Amino acid sequence: MRIGLMIGSDKERSRADRLAGLLHDGKAAESDGFASFWIPQVPGYLDAMTAVALLGQVTDRIEIGTAVVPIQTRHPLIMAQQALTTQVACSGRFTLGIGPSHHWIIADQLGLPYDKPALLVRDYLDVLDAAFAGPGPIAVDNNNFRVHSPVDVTEDFDMGVLVAALGPAMLRIAGERTGGTILWMADERAIGDYVVPRIMDAANAAGRTKTRVVAGVPVALCSSSEVDAAREYASEVLGHADFSPNYVRLLEHGDAEDVGDTMAAGDESAVLARLRSYRDAGVTDLAVRVVPLGQDADARSAARRRTQEFVASLVEELASGA
């Protein structure tokens, strides 16, 4: 299992410092030995792909990915152009994570239709597949898109695509059509008993290999007496499941009731044991979301660094299967 970091919106930094801070975080992740660095498209916050392109200029080795960009906000050809340009900026280290998002973002915040998301994803991938096949004219006509346009960005790099997949239809699409899925709010039982069998069956039927299951998992290194508070805090700051019916349906396949229940929290042995259980469930890539605990900014900063350093020390062990 490869170990990476996932970041979110950083409200403790001033707006003027957030982009520079994100670039610092990406460079630190690379220095610490993490395999990947994942950036979500948070409503109202920094643009994820712009940030990835900039990170590509200040790092050398680490994979950088979006987790994820909603597809309704960008025409697939424009998404492809931006993704290919970002790939050039990252010298081939960029992975495009996309998804249909949730009704409260697409419909309630943006006023866009949120109808038949699985069909939209299929049609969207038709355009991306054509655009990522190489420079030249593309012609796609399907239920949602009529695209007749050239693409002329790069022929030097392949484009890895992952899809946020929570339901059976989306897992089938992810397995058949892409390099895998990016998960959030999925515990070990949901992953091992539900996600992995469905996506792997679809991938095998399509003749695809090396399918990835990237799991975003909150982590907090803390005392055993702080674990319950850490889980409550994670559910509060990372978004309750009941905001998104898609997450509620995913949780029904596991033992967790909210995001805090998916968390690896406690002392070193407890955190290691939980991360091993995700690996054993079939996770190929762990995207650790550090949840810093503390009464003030200095304490939370120190807690973040302790947790990140500890997880970094596990990279080789978890990758080797120990």
# chains A, B, ... in the order shown; residues from 1 in each chain; ligands from 1

$ select_by_dssp --residues "region 93-185 of chain A" --states "alpha helix (DSSP H)" --output "MDAnalysis selection string"
chainID A and resid 103:106 117:132 168:177

$ residues_around --residues "Arg212 (chain A)" --least-positions-apart "4" --cutoff "10 Å" --atoms "only C-alpha atoms" --output "mmCIF file with N, CA, C and O atoms, in the first residue's frame"
data_model
loop_
_atom_site.group_PDB
_atom_site.id
_atom_site.type_symbol
_atom_site.label_atom_id
_atom_site.label_comp_id
_atom_site.auth_asym_id
_atom_site.auth_seq_id
_atom_site.Cartn_x
_atom_site.Cartn_y
_atom_site.Cartn_z
ATOM 1 N N LEU A 162 -8.888 8.812 -12.127
ATOM 2 C CA LEU A 162 -9.601 8.088 -11.090
ATOM 3 C C LEU A 162 -10.967 8.741 -10.902
ATOM 4 O O LEU A 162 -11.112 9.945 -11.108
ATOM 5 N N ALA A 174 -15.947 3.005 -12.829
ATOM 6 C CA ALA A 174 -14.551 3.223 -12.428
ATOM 7 C C ALA A 174 -13.686 2.032 -12.808
ATOM 8 O O ALA A 174 -12.559 2.188 -13.298
ATOM 9 N N GLY A 175 -14.199 0.816 -12.585
ATOM 10 C CA GLY A 175 -13.419 -0.367 -12.922
ATOM 11 C C GLY A 175 -13.263 -0.589 -14.406
ATOM 12 O O GLY A 175 -12.180 -0.962 -14.884
ATOM 13 N N THR A 178 -11.594 3.455 -15.991
ATOM 14 C CA THR A 178 -10.543 4.317 -15.446
ATOM 15 C C THR A 178 -9.514 3.502 -14.673
ATOM 16 O O THR A 178 -9.608 2.282 -14.575
ATOM 17 N N GLY A 179 -8.583 4.219 -14.076
ATOM 18 C CA GLY A 179 -7.541 3.561 -13.298
ATOM 19 C C GLY A 179 -7.950 3.173 -11.904
ATOM 20 O O GLY A 179 -7.155 2.575 -11.167
ATOM 21 N N GLY A 180 -9.184 3.506 -11.489
ATOM 22 C CA GLY A 180 -9.631 3.129 -10.159
ATOM 23 C C GLY A 180 -10.501 4.198 -9.532
ATOM 24 O O GLY A 180 -11.097 5.032 -10.221
ATOM 25 N N THR A 181 -10.569 4.176 -8.214
ATOM 26 C CA THR A 181 -11.463 5.073 -7.502
ATOM 27 C C THR A 181 -10.759 5.780 -6.361
ATOM 28 O O THR A 181 -9.734 5.310 -5.851
ATOM 29 N N ILE A 182 -11.334 6.913 -5.953
ATOM 30 C CA ILE A 182 -10.905 7.652 -4.770
ATOM 31 C C ILE A 182 -12.076 7.661 -3.796
ATOM 32 O O ILE A 182 -13.170 8.103 -4.138
ATOM 33 N N VAL A 196 -14.160 -3.107 -3.137
ATOM 34 C CA VAL A 196 -13.128 -3.860 -3.857
ATOM 35 C C VAL A 196 -13.709 -4.956 -4.748
ATOM 36 O O VAL A 196 -13.323 -5.069 -5.926
ATOM 37 N N ILE A 199 -15.407 -3.194 -7.929
ATOM 38 C CA ILE A 199 -14.543 -2.494 -8.881
ATOM 39 C C ILE A 199 -13.569 -3.472 -9.538
ATOM 40 O O ILE A 199 -13.267 -3.348 -10.735
ATOM 41 N N MET A 200 -13.117 -4.472 -8.804
ATOM 42 C CA MET A 200 -12.184 -5.434 -9.381
ATOM 43 C C MET A 200 -12.879 -6.352 -10.380
ATOM 44 O O MET A 200 -12.301 -6.697 -11.413
ATOM 45 N N GLY A 282 -7.881 -4.104 1.123
ATOM 46 C CA GLY A 282 -7.708 -3.963 -0.316
ATOM 47 C C GLY A 282 -7.364 -2.576 -0.786
ATOM 48 O O GLY A 282 -7.315 -2.320 -1.998
ATOM 49 N N VAL A 283 -7.100 -1.658 0.144
ATOM 50 C CA VAL A 283 -6.685 -0.313 -0.244
ATOM 51 C C VAL A 283 -5.293 -0.388 -0.869
ATOM 52 O O VAL A 283 -4.366 -0.960 -0.291
ATOM 53 N N THR A 284 -5.143 0.194 -2.047
ATOM 54 C CA THR A 284 -3.828 0.217 -2.695
ATOM 55 C C THR A 284 -3.061 1.494 -2.385
ATOM 56 O O THR A 284 -1.830 1.507 -2.418
ATOM 57 N N ASP A 285 -3.807 2.569 -2.111
ATOM 58 C CA ASP A 285 -3.194 3.868 -1.834
ATOM 59 C C ASP A 285 -3.944 4.519 -0.681
ATOM 60 O O ASP A 285 -5.167 4.734 -0.760
#

$ closest_residue --among "A:Asp60, A:Glu252, A:Asp267, A:Glu12" --to "Ser31 (chain A)" --atoms "only C-alpha atoms"
A:Asp60

$ atom_distance --atom1 "CA of Thr209 (chain A)" --atom2 "CA of Gly4 (chain A)"
21.3 Å

$ select_by_dssp --residues "region 29-278 of chain A" --states "strand (DSSP E)" --output "VMD selection string"
chain A and resid 36 to 39 63 to 66 69 to 70 94 to 99 136 to 141 146 to 151 160 to 163 180 to 184 212 to 221 264 to 266

$ write_last_selection --atoms "N, CA and C atoms" --output "short mmCIF file (atom, residue, chain, number, x, y, z; two decimals), in the first residue's frame"
data_model
loop_
_atom_site.label_atom_id
_atom_site.label_comp_id
_atom_site.auth_asym_id
_atom_site.auth_seq_id
_atom_site.Cartn_x
_atom_site.Cartn_y
_atom_site.Cartn_z
N SER A 36 2.42 10.29 -2.49
CA SER A 36 1.44 11.10 -3.21
C SER A 36 0.93 12.23 -2.33
N PHE A 37 0.29 13.20 -2.99
CA PHE A 37 -0.25 14.38 -2.31
C PHE A 37 -1.55 14.74 -3.01
N TRP A 38 -2.66 14.70 -2.27
CA TRP A 38 -4.00 14.81 -2.86
C TRP A 38 -4.68 16.10 -2.41
N ILE A 39 -5.32 16.78 -3.37
CA ILE A 39 -5.95 18.06 -3.11
C ILE A 39 -7.41 18.00 -3.55
N GLU A 63 3.79 12.02 -6.61
CA GLU A 63 2.57 12.08 -7.39
C GLU A 63 1.65 13.15 -6.78
N ILE A 64 0.99 13.92 -7.64
CA ILE A 64 0.08 14.96 -7.16
C ILE A 64 -1.26 14.76 -7.84
N GLY A 65 -2.34 14.69 -7.05
CA GLY A 65 -3.63 14.40 -7.64
C GLY A 65 -4.75 15.23 -7.06
N THR A 66 -5.85 15.29 -7.80
CA THR A 66 -7.06 15.94 -7.32
C THR A 66 -8.01 14.89 -6.76
N VAL A 69 -12.26 16.73 -8.50
CA VAL A 69 -12.85 17.88 -9.17
C VAL A 69 -14.25 17.50 -9.68
N PRO A 70 -15.29 18.25 -9.30
CA PRO A 70 -16.64 17.94 -9.81
C PRO A 70 -16.71 18.15 -11.32
N PHE A 94 0.97 13.94 -12.47
CA PHE A 94 -0.38 14.35 -12.10
C PHE A 94 -1.39 13.22 -12.35
N THR A 95 -2.29 13.02 -11.39
CA THR A 95 -3.41 12.10 -11.55
C THR A 95 -4.70 12.90 -11.39
N LEU A 96 -5.57 12.79 -12.38
CA LEU A 96 -6.82 13.53 -12.38
C LEU A 96 -7.90 12.71 -11.68
N GLY A 97 -8.33 13.18 -10.53
CA GLY A 97 -9.45 12.59 -9.83
C GLY A 97 -10.70 13.43 -10.06
N ILE A 98 -11.75 12.80 -10.56
CA ILE A 98 -12.99 13.51 -10.87
C ILE A 98 -14.17 12.78 -10.24
N GLY A 99 -15.30 13.47 -10.19
CA GLY A 99 -16.50 12.82 -9.69
C GLY A 99 -17.72 13.69 -9.89
N GLY A 136 -4.71 15.78 -31.79
CA GLY A 136 -5.46 15.58 -33.02
C GLY A 136 -6.92 15.92 -32.84
N PRO A 137 -7.71 15.75 -33.89
CA PRO A 137 -9.14 16.06 -33.81
C PRO A 137 -9.88 15.00 -33.01
N ILE A 138 -10.89 15.40 -32.26
CA ILE A 138 -11.74 14.45 -31.58
C ILE A 138 -13.19 14.71 -31.99
N ALA A 139 -13.97 13.66 -32.01
CA ALA A 139 -15.38 13.76 -32.38
C ALA A 139 -16.16 12.82 -31.47
N VAL A 140 -16.96 13.41 -30.60
CA VAL A 140 -17.77 12.63 -29.66
C VAL A 140 -19.20 13.16 -29.69
N ASP A 141 -20.13 12.26 -29.90
CA ASP A 141 -21.56 12.60 -29.84
C ASP A 141 -22.23 11.57 -28.94
N ARG A 146 -21.71 17.04 -27.46
CA ARG A 146 -21.38 17.02 -28.89
C ARG A 146 -20.09 17.82 -29.03
N VAL A 147 -19.00 17.10 -29.23
CA VAL A 147 -17.69 17.74 -29.23
C VAL A 147 -16.98 17.41 -30.53
N HIS A 148 -16.62 18.44 -31.26
CA HIS A 148 -15.84 18.31 -32.50
C HIS A 148 -14.78 19.40 -32.45
N SER A 149 -13.59 19.01 -32.00
CA SER A 149 -12.56 20.01 -31.72
C SER A 149 -11.19 19.36 -31.70
N PRO A 150 -10.16 20.10 -32.02
CA PRO A 150 -8.81 19.54 -31.90
C PRO A 150 -8.29 19.64 -30.48
N VAL A 151 -7.36 18.76 -30.13
CA VAL A 151 -6.60 18.82 -28.89
C VAL A 151 -5.13 18.77 -29.26
N GLY A 160 -3.42 9.64 -16.02
CA GLY A 160 -4.15 8.75 -15.14
C GLY A 160 -5.43 9.41 -14.65
N VAL A 161 -6.53 8.66 -14.69
CA VAL A 161 -7.84 9.17 -14.27
C VAL A 161 -8.42 8.23 -13.22
N LEU A 162 -8.89 8.81 -12.13
CA LEU A 162 -9.60 8.09 -11.09
C LEU A 162 -10.97 8.74 -10.90
N VAL A 163 -11.95 7.94 -10.50
CA VAL A 163 -13.31 8.44 -10.34
C VAL A 163 -13.79 8.18 -8.91
N GLY A 180 -9.18 3.51 -11.49
CA GLY A 180 -9.63 3.13 -10.16
C GLY A 180 -10.50 4.20 -9.53
N THR A 181 -10.57 4.18 -8.21
CA THR A 181 -11.46 5.07 -7.50
C THR A 181 -10.76 5.78 -6.36
N ILE A 182 -11.33 6.91 -5.95
CA ILE A 182 -10.91 7.65 -4.77
C ILE A 182 -12.08 7.66 -3.80
N LEU A 183 -11.83 7.19 -2.58
CA LEU A 183 -12.89 7.04 -1.59
C LEU A 183 -12.73 8.04 -0.46
N TRP A 184 -13.84 8.39 0.13
CA TRP A 184 -13.88 9.15 1.37
C TRP A 184 -15.06 8.63 2.18
N ARG A 212 -6.59 0.93 -8.97
CA ARG A 212 -6.26 1.55 -7.69
C ARG A 212 -7.51 1.80 -6.85
N VAL A 213 -7.37 1.58 -5.56
CA VAL A 213 -8.39 1.97 -4.58
C VAL A 213 -7.70 2.93 -3.62
N VAL A 214 -7.95 4.22 -3.82
CA VAL A 214 -7.34 5.27 -3.01
C VAL A 214 -8.34 5.64 -1.91
N ALA A 215 -7.95 5.47 -0.67
CA ALA A 215 -8.85 5.73 0.45
C ALA A 215 -8.36 6.91 1.26
N GLY A 216 -9.20 7.93 1.35
CA GLY A 216 -8.92 9.05 2.24
C GLY A 216 -9.31 8.66 3.66
N VAL A 217 -8.33 8.75 4.58
CA VAL A 217 -8.55 8.31 5.96
C VAL A 217 -8.04 9.38 6.92
N PRO A 218 -8.88 9.90 7.82
CA PRO A 218 -8.39 10.84 8.83
C PRO A 218 -7.49 10.13 9.83
N VAL A 219 -6.45 10.82 10.29
CA VAL A 219 -5.51 10.24 11.24
C VAL A 219 -5.15 11.29 12.30
N ALA A 220 -5.14 10.85 13.56
CA ALA A 220 -4.70 11.72 14.66
C ALA A 220 -3.90 10.88 15.64
N LEU A 221 -2.66 11.27 15.87
CA LEU A 221 -1.83 10.64 16.89
C LEU A 221 -2.13 11.33 18.21
N ALA A 264 -8.17 6.70 11.99
CA ALA A 264 -7.11 6.03 12.73
C ALA A 264 -6.65 6.99 13.81
N ALA A 265 -7.03 6.71 15.07
CA ALA A 265 -6.74 7.63 16.16
C ALA A 265 -6.23 6.85 17.36
N GLY A 266 -5.33 7.49 18.10
CA GLY A 266 -4.78 6.87 19.29
C GLY A 266 -3.26 6.95 19.29
#

$ residues_around --residues "region 298-304 of chain A" --least-positions-apart "5" --cutoff "12 Å" --atoms "only C-alpha atoms" --output "VMD selection string"
chain A and resid 5 7 10 12 to 13 25 218 to 223 288 to 293 309 to 311

$ closest_residue --among "A:Gly239, A:Gly8, A:Pro245, A:Gly167" --to "Gly260 (chain A)" --atoms "only C-alpha atoms"
A:Gly239

$ closest_residue --among "A:Gly92, A:Leu84, A:His253, A:Asn144" --to "Lys116 (chain A)" --atoms "only C-alpha atoms"
A:Asn144

$ closest_residue --among "A:Ala164, A:Met185, A:Val88, A:Met6" --to "Val248 (chain A)" --atoms "only C-alpha atoms"
A:Met185

$ decode --residues "region 117-227 of chain A" --atoms "C-alpha atoms" --output "CSV table (one decimal), in the first residue's frame"
chain,number,residue,atom,x,y,z
A,117,PRO,CA,-24.8,11.4,-12.4
A,118,ALA,CA,-23.6,7.9,-13.5
A,119,LEU,CA,-24.8,8.5,-17.1
A,120,LEU,CA,-23.1,11.9,-17.0
A,121,VAL,CA,-19.9,10.3,-15.9
A,122,ARG,CA,-20.0,7.8,-18.7
A,123,ASP,CA,-20.6,10.5,-21.3
A,124,TYR,CA,-17.9,12.7,-19.7
A,125,LEU,CA,-15.3,9.9,-19.9
A,126,ASP,CA,-16.1,9.5,-23.6
A,127,VAL,CA,-14.7,13.0,-24.2
A,128,LEU,CA,-11.8,12.6,-21.8
A,129,ASP,CA,-10.8,9.3,-23.4
A,130,ALA,CA,-10.7,10.9,-26.8
A,131,ALA,CA,-8.8,14.0,-25.6
A,132,PHE,CA,-6.3,11.9,-23.7
A,133,ALA,CA,-5.6,9.6,-26.6
A,134,GLY,CA,-3.2,12.1,-28.1
A,135,PRO,CA,-3.0,15.3,-30.2
A,136,GLY,CA,-5.5,15.6,-33.0
A,137,PRO,CA,-9.1,16.1,-33.8
A,138,ILE,CA,-11.7,14.4,-31.6
A,139,ALA,CA,-15.4,13.8,-32.4
A,140,VAL,CA,-17.8,12.6,-29.7
A,141,ASP,CA,-21.6,12.6,-29.8
A,142,ASN,CA,-23.5,11.1,-26.9
A,143,ASN,CA,-26.4,11.9,-24.7
A,144,ASN,CA,-24.8,14.9,-23.0
A,145,PHE,CA,-22.0,16.2,-25.3
A,146,ARG,CA,-21.4,17.0,-28.9
A,147,VAL,CA,-17.7,17.7,-29.2
A,148,HIS,CA,-15.8,18.3,-32.5
A,149,SER,CA,-12.6,20.0,-31.7
A,150,PRO,CA,-8.8,19.5,-31.9
A,151,VAL,CA,-6.6,18.8,-28.9
A,152,ASP,CA,-3.0,19.8,-29.2
A,153,VAL,CA,-1.3,20.0,-25.7
A,154,THR,CA,1.2,17.2,-25.3
A,155,GLU,CA,2.1,13.8,-26.6
A,156,ASP,CA,4.8,13.2,-24.0
A,157,PHE,CA,2.7,12.0,-21.0
A,158,ASP,CA,-0.2,9.6,-20.3
A,159,MET,CA,-3.0,10.8,-18.1
A,160,GLY,CA,-4.2,8.7,-15.1
A,161,VAL,CA,-7.8,9.2,-14.3
A,162,LEU,CA,-9.6,8.1,-11.1
A,163,VAL,CA,-13.3,8.4,-10.3
A,164,ALA,CA,-15.0,9.0,-7.0
A,165,ALA,CA,-17.3,6.0,-6.9
A,166,LEU,CA,-19.7,5.2,-4.1
A,167,GLY,CA,-22.6,3.2,-5.7
A,168,PRO,CA,-22.6,0.1,-7.8
A,169,ALA,CA,-23.0,1.9,-11.1
A,170,MET,CA,-20.2,4.2,-10.4
A,171,LEU,CA,-17.9,1.4,-9.2
A,172,ARG,CA,-18.6,-0.5,-12.4
A,173,ILE,CA,-17.7,2.6,-14.4
A,174,ALA,CA,-14.6,3.2,-12.4
A,175,GLY,CA,-13.4,-0.4,-12.9
A,176,GLU,CA,-14.3,-0.6,-16.6
A,177,ARG,CA,-13.2,2.8,-17.8
A,178,THR,CA,-10.5,4.3,-15.4
A,179,GLY,CA,-7.5,3.6,-13.3
A,180,GLY,CA,-9.6,3.1,-10.2
A,181,THR,CA,-11.5,5.1,-7.5
A,182,ILE,CA,-10.9,7.7,-4.8
A,183,LEU,CA,-12.9,7.0,-1.6
A,184,TRP,CA,-13.9,9.2,1.4
A,185,MET,CA,-15.9,8.1,4.4
A,186,ALA,CA,-15.4,4.3,3.7
A,187,ASP,CA,-14.3,2.0,6.5
A,188,GLU,CA,-12.6,-1.3,6.1
A,189,ARG,CA,-15.7,-3.5,5.8
A,190,ALA,CA,-17.3,-1.2,3.2
A,191,ILE,CA,-14.0,-1.3,1.2
A,192,GLY,CA,-13.3,-5.0,1.6
A,193,ASP,CA,-16.8,-6.4,1.3
A,194,TYR,CA,-18.4,-3.9,-1.1
A,195,VAL,CA,-16.0,-1.5,-3.0
A,196,VAL,CA,-13.1,-3.9,-3.9
A,197,PRO,CA,-15.2,-6.8,-5.2
A,198,ARG,CA,-17.3,-4.6,-7.4
A,199,ILE,CA,-14.5,-2.5,-8.9
A,200,MET,CA,-12.2,-5.4,-9.4
A,201,ASP,CA,-14.9,-7.6,-11.1
A,202,ALA,CA,-15.5,-4.7,-13.5
A,203,ALA,CA,-11.9,-4.1,-14.1
A,204,ASN,CA,-11.2,-7.8,-14.7
A,205,ALA,CA,-14.1,-8.1,-17.1
A,206,ALA,CA,-12.7,-5.1,-19.1
A,207,GLY,CA,-9.2,-6.5,-19.1
A,208,ARG,CA,-7.8,-3.7,-17.0
A,209,THR,CA,-5.0,-4.3,-14.5
A,210,LYS,CA,-3.4,-2.3,-11.7
A,211,THR,CA,-6.7,-0.9,-10.6
A,212,ARG,CA,-6.3,1.6,-7.7
A,213,VAL,CA,-8.4,2.0,-4.6
A,214,VAL,CA,-7.3,5.3,-3.0
A,215,ALA,CA,-8.8,5.7,0.4
A,216,GLY,CA,-8.9,9.0,2.2
A,217,VAL,CA,-8.6,8.3,6.0
A,218,PRO,CA,-8.4,10.8,8.8
A,219,VAL,CA,-5.5,10.2,11.2
A,220,ALA,CA,-4.7,11.7,14.7
A,221,LEU,CA,-1.8,10.6,16.9
A,222,CYS,CA,-3.1,11.2,20.4
A,223,SER,CA,-3.5,9.5,23.8
A,224,SER,CA,-6.1,6.8,24.3
A,225,SER,CA,-8.2,9.2,26.4
A,226,GLU,CA,-8.5,11.6,23.5
A,227,VAL,CA,-9.7,9.2,20.9
